[in-house]
Each structure stands twice: as structure tokens, then as C-alpha cells.
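S.K.: So that we are looking at the same thing, I have put the structure below in C-alpha cells.
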Amino acid sequence: MINLIWAMDEDNLIGKDDKIPWHIKEDLLYYKSKTKGQTVIMGDVTYFSLKGYYKDKPLPYGKIYVATLNDNLKIDDGIIVRDLNKFLNEIDEDIFVVGGLSIYKIALKYADKLYISFIKGHHDGNVYFPKIDFSDYKLIWENETDLVRYTLFERIR
Ligand SMILES: NC(=O)c1ccc[n+]([C@@H]2O[C@H](COP(=O)([O-])OP(=O)(O)OC[C@H]3O[C@@H](n4cnc5c(N)ncnc54)[C@H](OP(=O)(O)O)[C@@H]3O)[C@@H](O)[C@H]2O)c1
């Protein structure tokens with residue numbers, strides 16, 4: 001099962017340089033409740049951004065895969081993936097794709113479930129999620145607060 005999880009605002013904004021454009025604690029807690037201890041895959045930009053944030057503390061996931069096209073990259077807390085399409089085609093365990101843009105773009109066609117936090121309002125940034133064809137998905141759960149509409153979509157075709 002391939003799960004994508006991300007937060008985007010009303011303009012599909014997901015990033016400001018290598019950072020998240022907003023600080024919304026409840027969304028961070030929601031994200032953590034879904035991904036803590038899970039197998040995840042992320043691009044190396046997102047990986048190094050998270051490492052900068054967590055500093056010496058371990059990243060709060062289970063098994064970590066990091067996608068890169070760089071033959072020389074070595075990491076000590078995860079497994080390098082050099083062919084993301086092959087990896088996503090062959091994986092037979094539950095995995096969360098946690099970003100960033102390049103990885104979401106490739107993974108979207110493999111996604112069984114989308115955990116999307118729709119952040120209310122318009123924010124300042126420069127990285128945008130591509131348009132999604134929601135007719136491929138069915139909304140199976142949602143919960144709305146003043147700041148965020150949390151949703152879960154399941155693929156139907
Ligand atoms: N709002 C959210 O929920 C959310 C979540 C996560 C990230 N983000 C945002 O996303 C942005 C980062 O996105 P990004 O696209 O710059 O970085 P990224 O997806 O984290 O990493 C990109 C890297 O992935 C590697 N890559 C690309 N295609 C590949 C392939 N086919 N196979 C293997 N590796 C491949 C390349 O590494 P090499 O260059 O080393 O070859 C590329 O530089 C930031 O703004 C971040 O804040 C937002």
C-alpha cells in the first residue's frame with residue numbers, strides 16, 4: 001500500500017525553498033500521528049531539511065528510504081533508492097511518501113491513498129503541488145478545524 005501524505009494551502013503551495021511555509025502545530029501533530037514509526041520514502045532535499053530540524057535526534061520514522069540520483073550520497077540512518085519508479089513498482093509493504101515535490105510527482109501515479117491536509121488561506125512560498133485529478137479518488141474521511149481540512153482519499157481507478 002503506497003500512501004502519500006502532504007499539506008498544501010489553497011494555492012497548492014507546499015514549500016518555501018526547502019522548508020514548510022507555515023507553522024501549524026496541530027497539522028504537525030497530525031502528520032506525526034500518521035507517520036511515526038512507519039516506513040517512509042523521501043527525496044534527499046526533504047531528508048536533509050528534516051535532519052537540520054531534528055539535529056542529533058533520530059528522525060521519528062521506522063525504516064527510512066531516501067531517493068537520490070547522486071551515486072556518492074551515503075546516509076547512516078536509511079537506505080538509498082536510486083530508481084524510484086522501480087522501487088515503487090516493486091514495494092510490497094505499507095509505505096508513506098513524505099515528499100518533496102519531485103518525489104510526490106513521481107509517486108502520485110502509484111498512490112493507493114492520499115492523506116492531504118488542506119491548509120486554509122494563502123501563504124508565501126515557491127514550491128507547488130501539481131494539479132490532481134480527484135476523479136481518480138474517493139474521499140473516505142475528513143475532519144475540519146479552523147485552520148486545516150484533514151482528508152483521506154482512496155484510489156478508485
Ligand atoms: N507541505 C508538505 O507536506 C511538504 C512535505 C515534504 C516536502 N515539502 C517541500 O518540498 C520541497 C522539496 O521538494 P524537492 O522536489 O526540492 O526535493 P525532494 O523531493 O525532497 O528531493 C529531490 C531529490 O530527489 C532525488 N530524485 C529526483 N528524482 C529521482 C528519481 N527518479 N529517483 C531517485 N531520486 C530522485 C534527486 O536527488 P539528487 O539531486 O541527489 O539526485 C532530487 O534532488 C521543499 O520546499 C519542502 O518544504 C513539503
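Please note that chains go A, B, ... in the order of the C-alpha cells, that every chain numbers its residues from 1, and that ligands are numbered from 1 in the order shown.
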DSSP on the backbone, helix (DSSP H, G or I) only: what residues of chain A does that give? Format it as a ChimeraX atom specification.
M.R.: /A:25-35,44-54,84-90,101-110,134-136
S.K.: Set the distance at 12 Å and use only C-alpha atoms: which residues neighbour Trp22 of chain A once local chain neighbours fewer than 2 positions away are removed? I'd like the list as a short mmCIF file (atom, residue, chain, number, x, y, z; two decimals) with C-alpha atoms, in the first residue's frame.
M.R.:
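Listing of out-v3.cif after writing:
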data_model
loop_
_atom_site.label_atom_id
_atom_site.label_comp_id
_atom_site.auth_asym_id
_atom_site.auth_seq_id
_atom_site.Cartn_x
_atom_site.Cartn_y
_atom_site.Cartn_z
CA ALA A 7 -0.06 19.61 3.43
CA MET A 8 -0.91 22.31 0.90
CA ASP A 9 -2.69 25.64 1.02
CA LEU A 13 1.62 25.64 -2.11
CA ILE A 14 3.74 23.05 -0.24
CA GLY A 15 7.14 24.69 0.24
CA LYS A 16 9.20 27.81 0.67
CA LYS A 19 11.03 24.49 4.25
CA ILE A 20 7.31 24.24 5.01
CA ILE A 24 0.70 24.89 12.27
CA LYS A 25 1.26 22.75 15.32
CA GLU A 26 -1.96 20.76 15.01
CA ASP A 27 -1.02 19.70 11.47
CA LEU A 28 2.46 18.70 12.63
CA ILE A 119 -4.28 24.39 4.91
CA LYS A 120 -6.68 27.30 4.88
CA GLY A 121 -5.60 30.60 3.33
CA HIS A 122 -2.77 31.74 1.08
CA HIS A 123 0.87 31.66 2.18
CA ASP A 124 4.25 32.84 0.97
CA GLY A 125 6.41 30.28 -0.85
CA LEU A 147 -7.00 26.06 10.29
CA VAL A 148 -6.99 22.82 8.32
#
S.K.: Extract, using only C-alpha atoms, all DNA, RNA and protein residues at most 12 Å from segment 71-80 of chain A, discarding same-chain residues fewer than 5 positions from it, and format them as a VMD selection string.
M.R.: chain A and resid 39 to 45 47 to 48 51 56 to 66 87
S.K.: Could you name the residues that touch Val97 of chain A at 8 Å or less, counting only C-alpha atoms, but leaving out those on the same chain fewer than 4 positions away, as a list in words?
M.R.: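 Near Val97 of chain A, the qualifying residues are Ile2, Asn3, Leu4, Ile5, Val40, Ile41, Met42, Ile103, Tyr104 and Ala107 of chain A.
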S.K.: Using only C-alpha atoms and all ligand atoms, which residue out of A:Tyr53, A:Phe96, A:Phe153, A:Tyr128 lies closest to ligand 1?
M.R.: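 Going through A:Tyr53, A:Phe96, A:Phe153, A:Tyr128 one by one, the smallest distance to ligand 1 is for A:Tyr128.
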S.K.: When you draw a straight line from atom CA of Tyr110 of chain A to atom CA of Asp18 of chain A, how long is it in Å?
M.R.: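 Taking atom CA of Tyr110 of chain A and atom CA of Asp18 of chain A, their separation equals 24.3 Å.
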S.K.: Using atom 30 (C, counted along the ligand's line) of ligand 1 and atom CA of Ile140 of chain A as the two end points, give the distance in Å to one decimal.
M.R.: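 Computed distance, atom 30 (C, counted along the ligand's line) of ligand 1 to atom CA of Ile140 of chain A, equals 30.0 Å.
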S.K.: Would you give me, as a PyMOL selection string, the residues in chain A that DSSP reads as strand (DSSP E or B)?
M.R.: chain A and resi 2-8+13-16+19+40-43+64-67+79-81+95-97+113-119+127-128+137-144+148-155
S.K.: Find the distance between atom CA of Ile95 of chain A and atom CA of Asn126 of chain A and write it in Å to one decimal.
M.R.: 27.1 Å
S.K.: For ligand 1, which residue among A:Ala111, A:Ile132, A:Val127, A:Leu152 is the nearest when counting only C-alpha atoms and all ligand atoms?
M.R.: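 Looking at the shortest contact to ligand 1, the residue is A:Val127.
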S.K.: Which residue, A:Ile156, A:Leu114, A:Leu108, A:Leu101, has the smallest gap to ligand 1 when you use only C-alpha atoms and all ligand atoms?
M.R.: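 Answer, going by the shortest atom-to-atom distance: A:Leu101.
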